[in-house]
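Undergrad: Quick one, final_33.txt (compact mmCIF, C-alpha atoms):
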# COMPACT_ATOMS: atom_id res chain seq x y z
CA MET A 2 115.98 111.33 207.58
CA THR A 3 118.16 114.37 208.35
CA ASP A 4 120.89 112.10 209.71
CA LEU A 5 120.63 109.88 206.62
CA PHE A 6 121.05 112.86 204.30
CA ALA A 7 124.22 113.86 206.14
CA LYS A 8 125.48 110.27 206.11
CA TYR A 9 124.99 109.68 202.38
CA ASP A 10 125.73 113.13 200.99
CA VAL A 11 128.97 112.02 199.34
CA PRO A 12 130.32 112.59 195.83
CA ALA A 13 128.57 110.22 193.44
CA PRO A 14 128.09 109.95 189.67
CA ARG A 15 124.73 110.70 188.05
CA TYR A 16 125.06 107.52 185.99
CA THR A 17 124.00 108.83 182.63
CA SER A 18 126.52 106.26 181.39
CA TYR A 19 128.64 103.40 182.61
CA PRO A 20 131.55 103.56 182.80
CA THR A 21 131.21 107.21 183.80
CA VAL A 22 133.32 109.64 181.79
CA PRO A 23 136.15 110.06 184.38
CA PHE A 24 136.74 106.31 184.23
CA TRP A 25 136.92 105.92 180.47
CA THR A 26 140.21 104.12 179.94
CA ASP A 27 140.26 102.18 176.67
CA SER A 28 139.83 105.08 174.28
CA PRO A 29 139.03 104.23 170.64
CA THR A 30 140.76 105.66 167.63
CA THR A 31 138.48 107.29 165.09
CA ASP A 32 138.76 104.19 162.90
CA GLN A 33 137.72 101.97 165.81
CA TRP A 34 134.77 104.25 166.58
CA ILE A 35 133.60 104.04 162.98
CA GLU A 36 134.02 100.26 163.07
CA HIS A 37 131.80 100.02 166.15
CA LEU A 38 129.19 102.30 164.55
CA ASN A 39 129.02 100.16 161.42
CA LYS A 40 128.80 97.03 163.57
CA ALA A 41 125.87 98.53 165.49
CA PHE A 42 124.04 99.47 162.30
CA ALA A 43 124.54 95.98 160.86
CA ALA A 44 121.76 94.73 163.14
CA GLU A 45 118.50 94.51 161.22
CA GLU A 46 116.54 96.22 163.98
CA ALA A 47 119.06 99.08 164.46
CA THR A 48 117.69 102.57 165.08
CA TRP A 49 119.41 105.83 165.95
CA SER A 50 118.95 109.30 167.36
CA LEU A 51 120.81 112.53 166.70
CA TYR A 52 122.09 115.16 169.12
CA PHE A 53 123.37 118.60 168.11
CA HIS A 54 125.50 120.48 170.62
CA LEU A 55 124.99 124.22 169.97
CA PRO A 56 127.38 125.77 172.49
CA PHE A 57 126.82 129.52 172.24
CA CYS A 58 125.34 131.62 175.06
CA GLU A 59 125.21 135.40 175.33
CA SER A 60 126.00 135.28 179.05
CA LEU A 61 127.31 132.75 181.55
CA CYS A 62 124.83 131.20 183.97
CA THR A 63 127.14 130.38 186.85
CA PHE A 64 125.25 127.24 187.92
CA CYS A 65 125.88 125.65 184.51
CA ALA A 66 128.46 122.89 184.08
CA CYS A 67 127.89 122.43 180.33
CA ASN A 68 130.51 123.08 177.65
CA THR A 69 129.62 126.58 176.43
CA VAL A 70 131.05 129.44 174.38
CA ILE A 71 130.10 132.84 175.76
CA THR A 72 129.68 135.44 173.03
CA ARG A 73 127.30 138.08 171.71
CA ASP A 74 128.74 137.77 168.23
CA HIS A 75 126.00 136.12 166.19
CA GLY A 76 128.29 136.18 163.19
CA ARG A 77 129.75 132.98 164.65
CA GLU A 78 126.60 131.10 163.68
CA GLU A 79 127.68 130.90 160.02
CA ASN A 80 130.99 129.22 160.79
CA TYR A 81 129.40 126.69 163.12
CA ILE A 82 126.77 125.73 160.55
CA GLU A 83 129.58 124.90 158.13
CA LEU A 84 131.37 122.80 160.75
CA LEU A 85 128.26 120.77 161.61
CA SER A 86 127.56 120.16 157.94
CA LYS A 87 131.12 119.04 157.29
CA GLU A 88 131.15 116.78 160.36
CA TRP A 89 127.89 115.16 159.24
CA ASN A 90 129.27 114.54 155.76
CA LEU A 91 132.38 112.94 157.26
CA TYR A 92 130.14 110.47 159.07
CA VAL A 93 127.90 109.72 156.08
CA GLU A 94 130.95 108.92 153.95
CA ARG A 95 132.06 106.24 156.41
CA VAL A 96 128.76 105.09 157.94
CA PRO A 97 126.34 104.89 154.99
CA GLU A 98 123.63 103.23 157.10
CA LEU A 99 122.97 106.63 158.68
CA ARG A 100 120.87 107.31 155.60
CA GLU A 101 119.02 103.99 155.77
CA ARG A 102 118.34 103.11 159.39
CA PRO A 103 115.27 104.69 161.06
CA LEU A 104 115.97 108.00 162.79
CA LEU A 105 113.77 108.09 165.90
CA GLY A 106 114.82 111.33 167.54
CA VAL A 107 116.61 114.67 167.30
CA HIS A 108 117.60 116.85 170.23
CA LEU A 109 119.11 120.34 170.18
CA GLY A 110 121.09 121.10 173.34
CA GLY A 111 123.65 123.60 174.43
CA GLY A 112 124.55 126.19 175.21
CA THR A 113 121.51 128.00 173.98
CA PRO A 114 120.17 126.46 170.77
CA THR A 115 117.93 129.48 170.26
CA PHE A 116 121.04 131.65 170.11
CA PHE A 117 120.77 130.74 166.41
CA SER A 118 118.25 132.53 164.21
CA ALA A 119 115.31 130.60 162.77
CA GLN A 120 116.92 130.70 159.34
CA ASN A 121 120.20 129.31 160.65
CA LEU A 122 118.53 126.57 162.69
CA GLU A 123 116.80 125.51 159.50
CA ARG A 124 120.14 125.53 157.65
CA ILE A 125 121.55 123.15 160.28
CA LEU A 126 118.63 120.76 160.35
CA LYS A 127 116.92 120.63 157.00
CA PRO A 128 119.80 119.32 154.84
CA ILE A 129 120.55 116.55 157.33
CA LEU A 130 116.94 115.52 157.96
CA SER A 131 116.31 115.41 154.21
CA GLN A 132 119.05 112.77 153.89
CA THR A 133 117.76 110.45 156.61
CA ARG A 134 114.97 107.93 156.96
CA ILE A 135 112.60 109.35 159.54
CA ASP A 136 110.14 106.94 161.13
CA PRO A 137 106.94 109.04 161.21
CA ASP A 138 105.26 106.87 163.85
CA ARG A 139 108.13 107.00 166.35
CA PHE A 140 110.02 110.19 165.52
CA GLU A 141 110.33 112.82 168.26
CA ALA A 142 112.31 116.05 168.15
CA SER A 143 113.01 118.39 171.05
CA VAL A 144 114.84 121.64 171.69
CA GLU A 145 116.25 123.34 174.78
CA VAL A 146 115.48 127.05 174.93
CA HIS A 147 116.27 130.14 176.95
CA PRO A 148 112.98 132.11 177.07
CA GLY A 149 114.79 135.42 176.75
CA HIS A 150 116.32 134.32 173.44
CA THR A 151 113.37 132.51 171.85
CA ASN A 152 110.84 133.86 169.38
CA ARG A 153 107.84 132.78 167.32
CA GLU A 154 109.84 132.47 164.11
CA GLN A 155 112.24 129.96 165.64
CA LEU A 156 109.54 127.80 167.22
CA LEU A 157 107.35 127.92 164.11
CA MET A 158 110.21 126.78 161.90
CA LEU A 159 111.14 123.92 164.25
CA ARG A 160 107.52 122.86 164.51
CA GLY A 161 107.42 122.65 160.72
CA LEU A 162 110.38 120.24 160.82
CA GLY A 163 108.55 117.93 163.20
CA PHE A 164 109.62 119.25 166.61
CA THR A 165 106.98 118.57 169.25
CA ARG A 166 108.86 119.00 172.53
CA ILE A 167 110.36 122.09 174.09
CA SER A 168 112.47 122.25 177.24
CA ILE A 169 112.61 125.61 178.99
CA GLY A 170 115.44 126.39 181.37
CA VAL A 171 113.71 128.03 184.33
CA GLN A 172 115.92 127.00 187.28
CA ASP A 173 114.21 129.40 189.74
CA PHE A 174 111.74 132.26 189.46
CA ASP A 175 113.08 134.19 192.45
CA PRO A 176 114.81 137.45 191.32
CA GLU A 177 117.52 137.26 194.00
CA VAL A 178 118.43 133.68 193.15
CA GLN A 179 118.44 134.61 189.46
CA ARG A 180 120.78 137.52 190.19
CA LEU A 181 123.25 135.30 192.01
CA VAL A 182 123.38 132.74 189.20
CA ASN A 183 123.34 135.43 186.47
CA ARG A 184 120.08 134.23 184.91
CA HIS A 185 117.71 137.19 184.48
CA GLN A 186 114.41 135.65 183.43
CA PRO A 187 111.11 137.29 184.44
CA TYR A 188 108.15 135.01 185.05
CA GLU A 189 106.16 136.73 182.30
CA VAL A 190 108.80 135.83 179.70
CA THR A 191 108.67 132.14 180.64
CA ARG A 192 104.88 132.21 180.57
CA SER A 193 104.89 133.86 177.14
CA VAL A 194 107.17 131.23 175.58
CA THR A 195 105.16 128.43 177.19
CA GLU A 196 101.90 129.77 175.76
CA LEU A 197 103.53 130.32 172.37
CA ALA A 198 104.77 126.73 172.21
CA ARG A 199 101.31 125.40 172.98
CA GLU A 200 99.71 127.74 170.46
CA LEU A 201 102.06 126.38 167.77
CA GLY A 202 101.20 122.76 168.55
CA TYR A 203 104.07 121.56 170.74
CA THR A 204 102.66 118.58 172.61
CA SER A 205 105.10 118.50 175.52
CA VAL A 206 106.57 121.42 177.46
CA ASN A 207 109.33 120.67 179.98
CA TYR A 208 110.69 122.99 182.68
CA ASP A 209 114.14 122.53 184.17
CA LEU A 210 114.26 123.54 187.84
CA ILE A 211 117.31 123.37 190.10
CA TYR A 212 117.30 122.97 193.87
CA GLY A 213 120.31 123.83 196.01
CA LEU A 214 121.11 127.19 194.36
CA PRO A 215 122.48 130.08 196.45
CA ARG A 216 119.95 131.79 198.72
CA GLN A 217 117.23 129.27 197.99
CA ASN A 218 115.10 128.54 201.03
CA PRO A 219 111.76 126.77 201.51
CA ASP A 220 109.66 129.92 201.21
CA ARG A 221 111.37 131.12 198.03
CA PHE A 222 111.43 127.70 196.42
CA ARG A 223 107.79 127.07 197.27
CA GLN A 224 106.89 130.15 195.25
CA THR A 225 108.93 128.87 192.29
CA VAL A 226 107.19 125.50 192.38
CA GLU A 227 103.74 127.08 192.78
CA LYS A 228 104.37 129.36 189.80
CA THR A 229 105.52 126.32 187.83
CA ILE A 230 102.31 124.48 188.68
CA GLU A 231 100.28 127.51 187.57
CA LEU A 232 101.87 127.29 184.12
CA GLY A 233 101.32 123.54 183.99
CA PRO A 234 104.30 122.13 182.06
CA ASP A 235 103.77 118.54 180.96
CA ARG A 236 107.00 117.43 182.59
CA ILE A 237 109.55 118.85 185.00
CA ALA A 238 113.22 118.02 185.48
CA LEU A 239 114.07 118.85 189.09
CA TYR A 240 117.85 118.72 189.23
CA SER A 241 120.18 118.91 192.18
CA PHE A 242 122.64 121.79 191.80
CA ALA A 243 125.94 120.20 190.81
CA LYS A 244 128.63 122.17 192.59
CA VAL A 245 131.80 121.44 190.60
CA PRO A 246 134.07 124.50 190.99
CA TRP A 247 137.11 122.47 189.89
CA ILE A 248 135.36 122.25 186.49
CA LYS A 249 133.50 125.58 186.49
CA PRO A 250 135.54 128.21 188.39
CA ALA A 251 132.65 130.71 188.27
CA GLN A 252 130.98 128.64 190.99
CA ARG A 253 133.71 129.73 193.40
CA SER A 254 131.87 133.07 193.61
CA TYR A 255 129.20 131.47 195.82
CA LYS A 256 129.57 131.79 199.56
CA ASP A 257 129.33 128.48 201.38
CA GLU A 258 126.80 129.94 203.79
CA ASP A 259 124.51 130.83 200.88
CA LEU A 260 124.25 127.24 199.65
CA PRO A 261 121.80 124.79 201.24
CA VAL A 262 123.49 121.43 201.82
CA ALA A 263 122.60 117.86 202.80
CA GLY A 264 119.26 117.81 204.67
CA GLU A 265 118.50 121.48 204.02
CA LYS A 266 119.04 120.98 200.32
CA ARG A 267 117.04 117.76 200.13
CA ALA A 268 114.19 119.46 202.00
CA LEU A 269 113.76 121.71 198.95
CA TYR A 270 113.29 118.64 196.75
CA GLU A 271 110.83 117.06 199.18
CA LEU A 272 108.86 120.31 199.30
CA ALA A 273 108.65 120.38 195.52
CA ARG A 274 107.81 116.69 195.40
CA GLU A 275 104.86 117.16 197.75
CA LEU A 276 103.52 120.16 195.85
CA LEU A 277 103.90 118.48 192.47
CA ALA A 278 102.24 115.28 193.67
CA GLY A 279 99.33 117.37 194.92
CA ALA A 280 99.04 118.89 191.45
CA GLY A 281 98.86 115.47 189.77
CA TYR A 282 102.48 115.00 188.70
CA ILE A 283 104.02 111.53 188.81
CA GLU A 284 107.61 111.11 190.00
CA ILE A 285 109.74 109.60 187.23
CA GLY A 286 113.07 107.98 187.93
CA MET A 287 115.47 110.04 190.01
CA ASP A 288 114.73 113.69 189.26
CA HIS A 289 111.81 113.99 186.83
CA PHE A 290 108.07 114.53 187.14
CA ALA A 291 105.38 114.26 184.50
CA LEU A 292 101.64 114.57 184.16
CA PRO A 293 99.94 111.21 183.50
CA HIS A 294 99.31 111.96 179.80
CA ASP A 295 102.96 112.75 179.05
CA GLY A 296 105.09 110.28 177.13
CA MET A 297 107.62 109.99 179.94
CA ALA A 298 104.92 108.89 182.40
CA LYS A 299 103.74 106.35 179.84
CA ALA A 300 107.31 105.09 179.35
CA GLN A 301 107.60 104.51 183.09
CA ARG A 302 104.28 102.63 183.14
CA ASP A 303 105.35 100.51 180.16
CA ALA A 304 108.84 99.86 181.61
CA THR A 305 110.47 101.39 178.52
CA LEU A 306 112.04 104.38 180.29
CA HIS A 307 115.66 104.85 179.24
CA ARG A 308 118.62 106.90 180.46
CA ASN A 309 121.51 108.23 178.39
CA PHE A 310 123.87 111.19 178.35
CA GLN A 311 120.88 113.56 178.15
CA GLY A 312 119.19 112.04 181.21
CA TYR A 313 115.89 110.17 181.16
CA THR A 314 114.31 109.59 177.76
CA GLU A 315 111.28 107.74 176.46
CA THR A 316 112.99 105.76 173.73
CA ARG A 317 116.16 103.72 173.55
CA THR A 318 117.94 103.66 170.22
CA THR A 319 120.85 101.47 169.13
CA VAL A 320 123.04 104.50 168.41
CA LEU A 321 123.11 108.05 169.69
CA LEU A 322 125.19 110.23 167.37
CA GLY A 323 126.37 113.58 168.70
CA LEU A 324 127.51 116.38 166.39
CA GLY A 325 129.29 119.54 167.47
CA VAL A 326 132.04 120.58 169.84
CA SER A 327 132.27 118.27 172.91
CA ALA A 328 129.27 116.18 171.75
CA ILE A 329 129.09 112.65 173.14
CA SER A 330 127.92 109.64 171.13
CA GLU A 331 127.25 106.06 172.09
CA ALA A 332 126.89 102.68 170.48
CA PRO A 333 126.32 99.34 172.24
CA THR A 334 130.04 98.67 172.51
CA CYS A 335 131.67 102.12 172.40
CA PHE A 336 131.42 105.67 173.74
CA HIS A 337 132.87 108.62 171.82
CA GLN A 338 133.37 112.31 172.58
CA ASN A 339 134.35 115.13 170.23
CA GLU A 340 137.07 117.64 170.97
CA LYS A 341 136.01 119.99 173.79
CA ALA A 342 138.24 122.94 172.87
CA PHE A 343 136.50 124.89 170.13
CA PRO A 344 139.64 125.85 168.14
CA VAL A 345 140.79 122.22 168.09
CA TYR A 346 137.34 120.95 167.10
CA GLU A 347 137.20 123.49 164.28
CA ARG A 348 140.72 122.75 163.02
CA ARG A 349 140.21 119.01 162.91
CA VAL A 350 136.82 119.17 161.17
CA ARG A 351 138.19 121.56 158.56
CA GLN A 352 141.06 119.15 157.99
CA GLY A 353 138.52 116.48 157.16
CA GLU A 354 138.81 114.54 160.43
CA ILE A 355 136.10 113.24 162.72
CA PRO A 356 137.20 115.19 165.81
CA THR A 357 137.73 112.33 168.27
CA LEU A 358 138.93 113.47 171.68
CA ARG A 359 138.34 110.36 173.75
CA GLY A 360 135.92 107.53 174.37
CA HIS A 361 135.71 104.07 175.81
CA LEU A 362 135.58 100.59 174.33
CA LEU A 363 133.21 98.63 176.56
CA ASN A 364 134.35 95.18 177.59
CA GLU A 365 131.95 92.37 178.51
CA GLU A 366 131.85 93.34 182.19
CA ASP A 367 131.24 97.00 181.31
CA ARG A 368 128.27 96.05 179.18
CA LYS A 369 126.78 93.82 181.88
CA LEU A 370 127.14 96.46 184.58
CA ARG A 371 125.89 99.17 182.23
CA GLU A 372 122.63 97.25 181.76
CA GLN A 373 122.23 96.63 185.47
CA ILE A 374 122.76 100.30 186.33
CA LEU A 375 120.39 101.36 183.58
CA GLN A 376 117.66 99.06 184.84
CA PHE A 377 118.20 100.14 188.44
CA MET A 378 118.08 103.83 187.48
CA THR A 379 114.82 103.40 185.55
CA ARG A 380 112.96 100.66 187.47
CA PHE A 381 114.49 100.84 190.97
CA GLN A 382 115.14 97.10 190.99
CA VAL A 383 117.46 94.77 189.16
CA ALA A 384 118.43 91.12 189.15
CA LEU A 385 121.86 90.14 190.47
CA GLU A 386 124.23 87.51 189.16
CA PRO A 387 124.86 84.72 191.71
CA GLU A 388 128.42 85.90 192.23
CA GLN A 389 127.20 89.43 193.06
CA SER A 390 124.87 88.54 195.92
CA ALA A 391 127.40 88.23 198.74
CA ASP A 392 129.20 91.41 197.64
CA ALA A 393 125.89 93.28 197.49
CA GLY A 394 125.03 92.20 201.01
CA GLU A 395 128.35 93.53 202.27
CA PHE A 396 128.61 96.75 200.23
CA LEU A 397 124.97 97.72 200.70
CA ARG A 398 124.76 96.65 204.35
CA PRO A 399 124.47 100.22 205.71
CA MET A 400 121.72 101.05 203.21
CA ILE A 401 119.92 97.78 204.01
CA GLU A 402 120.09 98.49 207.75
CA ASP A 403 118.77 102.01 207.13
CA GLY A 404 115.82 100.64 205.15
CA LEU A 405 116.91 102.20 201.85
CA VAL A 406 117.44 99.05 199.79
CA GLU A 407 116.36 95.42 200.09
CA LEU A 408 117.98 92.24 198.86
CA THR A 409 115.37 89.89 197.43
CA ALA A 410 115.47 86.39 196.01
CA ARG A 411 115.86 87.92 192.55
CA GLY A 412 118.17 90.85 193.22
CA VAL A 413 118.21 94.29 194.79
CA ARG A 414 115.32 96.73 195.17
CA LEU A 415 115.26 100.38 196.17
CA THR A 416 112.62 101.09 198.80
CA GLU A 417 110.37 104.14 198.67
CA ARG A 418 112.34 105.51 201.64
CA GLY A 419 115.52 104.96 199.63
CA THR A 420 114.50 106.94 196.54
CA PRO A 421 116.68 109.97 197.40
CA PHE A 422 119.70 107.69 197.68
CA LEU A 423 119.53 106.03 194.26
CA ARG A 424 122.93 107.35 193.17
CA ASN A 425 124.50 105.94 196.34
CA ALA A 426 122.98 102.51 195.73
CA CYS A 427 124.15 102.47 192.10
CA MET A 428 127.72 102.79 193.32
CA PHE A 429 127.58 99.09 194.23
CA PHE A 430 127.65 98.21 190.52
CA ASP A 431 130.38 100.73 189.71
CA GLN A 432 133.41 98.48 189.81
CA ARG A 433 135.63 101.10 188.20
CA LEU A 434 134.87 103.60 190.95
CA ARG A 435 135.16 101.02 193.69
CA SER A 436 138.56 99.89 192.46
CA GLN A 437 140.08 103.30 193.19
CA GLU A 438 142.12 103.25 196.38
CA GLN A 439 141.96 107.03 196.53
CA ARG A 440 139.00 108.87 195.07
CA PRO A 441 139.78 112.38 193.89
CA GLN A 442 136.90 114.88 193.77
CA LEU A 443 135.32 114.06 190.42
CA PHE A 444 131.59 114.19 191.03
CA SER A 445 129.00 116.46 192.62
CA GLN A 446 127.36 115.48 195.90
CA ALA A 447 124.78 112.68 195.76
CA LEU A 448 122.02 114.70 197.45
Spit out the file's structure as structure tokens when you get a sec.
TA:
Amino acid sequence: MTDLFAKYDVPAPRYTSYPTVPFWTDSPTTDQWIEHLNKAFAAEEATWSLYFHLPFCESLCTFCACNTVITRDHGREENYIELLSKEWNLYVERVPELRERPLLGVHLGGGTPTFFSAQNLERILKPILSQTRIDPDRFEASVEVHPGHTNREQLLMLRGLGFTRISIGVQDFDPEVQRLVNRHQPYEVTRSVTELARELGYTSVNYDLIYGLPRQNPDRFRQTVEKTIELGPDRIALYSFAKVPWIKPAQRSYKDEDLPVAGEKRALYELARELLAGAGYIEIGMDHFALPHDGMAKAQRDATLHRNFQGYTETRTTVLLGLGVSAISEAPTCFHQNEKAFPVYERRVRQGEIPTLRGHLLNEEDRKLREQILQFMTRFQVALEPEQSADAGEFLRPMIEDGLVELTARGVRLTERGTPFLRNACMFFDQRLRSQEQRPQLFSQAL
């Protein structure tokens, strides 16, 4: 397998969307985006979910590739609350069905959502939730937290608004690794927040772990995984470190010799996989694990697992609406992203504009390939159109010969041996990537 890891460790998208963001070409105007939203909500069975991007962090974690604003000035919370409220009102004025169609989910991401005080989180959420139609049987709300910036008051308030899931950014428990990525987070602090969430009635606790960070090695990472198992989160996201220094210059501070690559890096994942399986966790999709009782494990069993810009999710909604700087939204026929530069986002919202930066109007082929990639990413097999079969045999020939994928009478299937190479196999469907004669460095390594 070591040779295979070296062979297939090439830049590849994570396929949280198709087309992937670098290949968005047919960008909608704001009016077109609103038109596509209203068209989506015209369907009788339409549902939606809501994402808030809360970008503030008190310090920069150098592994992070998210759109963040680094500040210790909590006075900035007030201004951002006003912007989110105004942006929401701009949508409601033009998409009235947001009040009528069932809201199935809310997610707070960042940044550090718990940068905001409990009172200010409530000021963001309560007015909007009070205007929407929440489906009590299907509604799920989740929040990403930094344990060092999370307290009882925040979690209690969110629990009162219906939040049942908490995602804790752990990354690694080793002090030296934490020092190198500027993420000081003692084990006891993570344990305390985990226990607090359970005490308050949160039904699912997720840990984010990252493999491939500087100075990680099997012995150190084994200790991180064993400590994770001791705390027993309901689900675990085990992400590959995305080295993208052309996007996040802070990553240039890492020495190449400190970073495990290819087979060495994948060995960390396989180590964690073995330990987690021994503790009763089920592997979900590409980079998630869950205990059998967790909703994500159930979604995989029921073949309802979904993947969107936030990764794997249990529920698919017709529309995902993102509010806040750089937030991404999606409808069946259109993607949309807000302005990424905070001053521009603020100026446009205050001028009464939905702050469209870019997006993509999906054509018929995009929609077909999007569904195939989604099914492959969640079920590891997908049917092929007759005209795709010969191309699949040619493009995937190396992976077929290496025993990583199989062509069947119905389509293409990822083998158990091929699980680590899912992103590579998905590239077959990515016609926009394949059409590039020269491929600039846009994506992190596949493995």
Undergrad: Write out as a PyMOL selection string the residues lying within 6 Å of segment 47-64 of chain A, counting all atoms listed in the file and excluding same-chain residues fewer than 2 positions away.
TA: chain A and resi 42+44-45+69-73+102-114+182-184+251-252+318-325+328
Undergrad: Quick one: pull the distance between atom CA of Trp89 of chain A and atom CA of Gly170 of chain A, Å, one decimal.
TA: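 Pair atom CA of Trp89 of chain A / atom CA of Gly170 of chain A returns 27.8 Å.
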Undergrad: Which is closest to Ser28 of chain A among A:Arg368, A:Arg124, A:Arg95, A:His337, if we use all atoms listed in the file?
TA: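 Nearest to Ser28 of chain A: A:His337.
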Undergrad: Extract, using all atoms listed in the file, all DNA, RNA and protein residues at most 7 Å from Val350 of chain A, discarding same-chain residues fewer than 5 positions from it, and format them as a PyMOL selection string.
TA: chain A and resi 84+87-88+355-356
Undergrad: So that each row is one residue of segment 351-379 of chain A with an atom at most 12 Å from segment 280-298 of chain A, can you give its shortest atom pair and the distance in Å to one decimal, using all atoms listed in the file, rows by chain and rising number, as a tab-separated table?
TA:
residue	atom	partner	partner_atom	distance
A:Leu375	CA	A:Gly286	CA	10.8
A:Gln376	CA	A:Gly286	CA	10.5
A:Phe377	CA	A:Gly286	CA	9.4
A:Met378	CA	A:Gly286	CA	6.5
A:Thr379	CA	A:Gly286	CA	5.5
Undergrad: Ser18 of chain A: which residues within 9 Å, counting only C-alpha atoms, same-chain residues fewer than 2 positions away excluded, as a list in words?
TA: Arg15, Tyr16, Pro20, Thr21, Val22, Arg308, Asn309, Phe310, Arg371, Ile374 and Leu375 of chain A
Undergrad: Could those residues be written to a file, using C-alpha atoms, as a JSON list (two decimals), keeping the file's coordinate frame?
TA:
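again_20.json written:
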[["chain", "number", "residue", "atom", "x", "y", "z"],
["A", 15, "ARG", "CA", 124.73, 110.70, 188.05],
["A", 16, "TYR", "CA", 125.06, 107.52, 185.99],
["A", 20, "PRO", "CA", 131.55, 103.56, 182.80],
["A", 21, "THR", "CA", 131.21, 107.21, 183.80],
["A", 22, "VAL", "CA", 133.32, 109.64, 181.79],
["A", 308, "ARG", "CA", 118.62, 106.90, 180.46],
["A", 309, "ASN", "CA", 121.51, 108.23, 178.39],
["A", 310, "PHE", "CA", 123.87, 111.19, 178.35],
["A", 371, "ARG", "CA", 125.89, 99.17, 182.23],
["A", 374, "ILE", "CA", 122.76, 100.30, 186.33],
["A", 375, "LEU", "CA", 120.39, 101.36, 183.58]]
Undergrad: Work out how far apart atom CA of Arg348 of chain A and atom CA of Tyr92 of chain A are and give it in Å to one decimal.
TA: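 Distance between the two atoms: 16.7 Å.
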Undergrad: Nearest to Cys65 of chain A: which of A:Leu38, A:Ala243, A:Val96, A:Val190 is it, counting all atoms listed in the file?
TA: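 Checking each of A:Leu38, A:Ala243, A:Val96, A:Val190 against Cys65 of chain A, counting all atoms listed in the file, the winner is A:Ala243.
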Undergrad: Here is a test: counting all atoms listed in the file, which residue of A:Asp4, A:Glu145, A:Asp138, A:Glu340 is nearest to Glu354 of chain A?
TA: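 Among the listed residues, the smallest separation from Glu354 of chain A belongs to A:Glu340.
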Undergrad: Provide the atom CA of Glu386 of chain A to atom CA of Leu423 of chain A distance in Å, to one decimal place.
TA: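 If I compute the distance from atom CA of Glu386 of chain A to atom CA of Leu423 of chain A, I get 19.8 Å.
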Undergrad: Which neighbours of segment 208-222 of chain A fall inside 7 Å, counting only C-alpha atoms, when residues of the same chain fewer than 4 positions from it are skipped, and could you give them as a list in words?
TA: Ser168, Ile169, Gly170, Val171, Gln172, Asp173, Asp175, Val178, Leu181, Val226, Pro234, Arg236, Ile237, Ala238, Leu239, Tyr240, Ser241, Phe242, Tyr255, Asp259, Leu260, Pro261, Lys266, Leu269 and Tyr270 of chain A
Undergrad: Give as a list in words the set of residues within 12 Å of the point (134.3, 96.9, 189.6), where distances use the file's coordinates and only C-alpha atoms.
TA: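 Here is the list of nearby residues: Tyr19, Pro20, Phe24, Glu366, Asp367, Lys369, Leu370, Arg371, Gln389, Asp392, Cys427, Met428, Phe429, Phe430, Asp431, Gln432, Arg433, Leu434, Arg435, Ser436 and Gln437 of chain A.
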Undergrad: With distances taken over only C-alpha atoms, which residue among A:Thr204, A:Thr416, A:Thr17, A:Gln132 lies nearest Asn90 of chain A?
TA: A:Gln132
Undergrad: Nearest to His37 of chain A among A:Ser330, A:Ser131, A:Ser86, A:Gln155, with distances taken over only C-alpha atoms: which residue is it?
TA: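 When distances to His37 of chain A are compared using only C-alpha atoms, the smallest one comes from A:Ser330.
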Undergrad: Compile the contact shell of Leu201 of chain A as an MDAnalysis selection string: residues with an atom at most 10 Å away, counting all atoms listed in the file, same-chain residues fewer than 3 positions apart removed.
TA: chainID A and resid 153 156:157 160:161 165 196:198 204
Undergrad: Could you check the closest approach to Gln338 of chain A for each of A:Thr31, A:Ala7, A:Ile230, A:Gly404 and tell me which residue wins, using all atoms listed in the file?
TA: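 Among the listed residues, the smallest separation from Gln338 of chain A belongs to A:Thr31.
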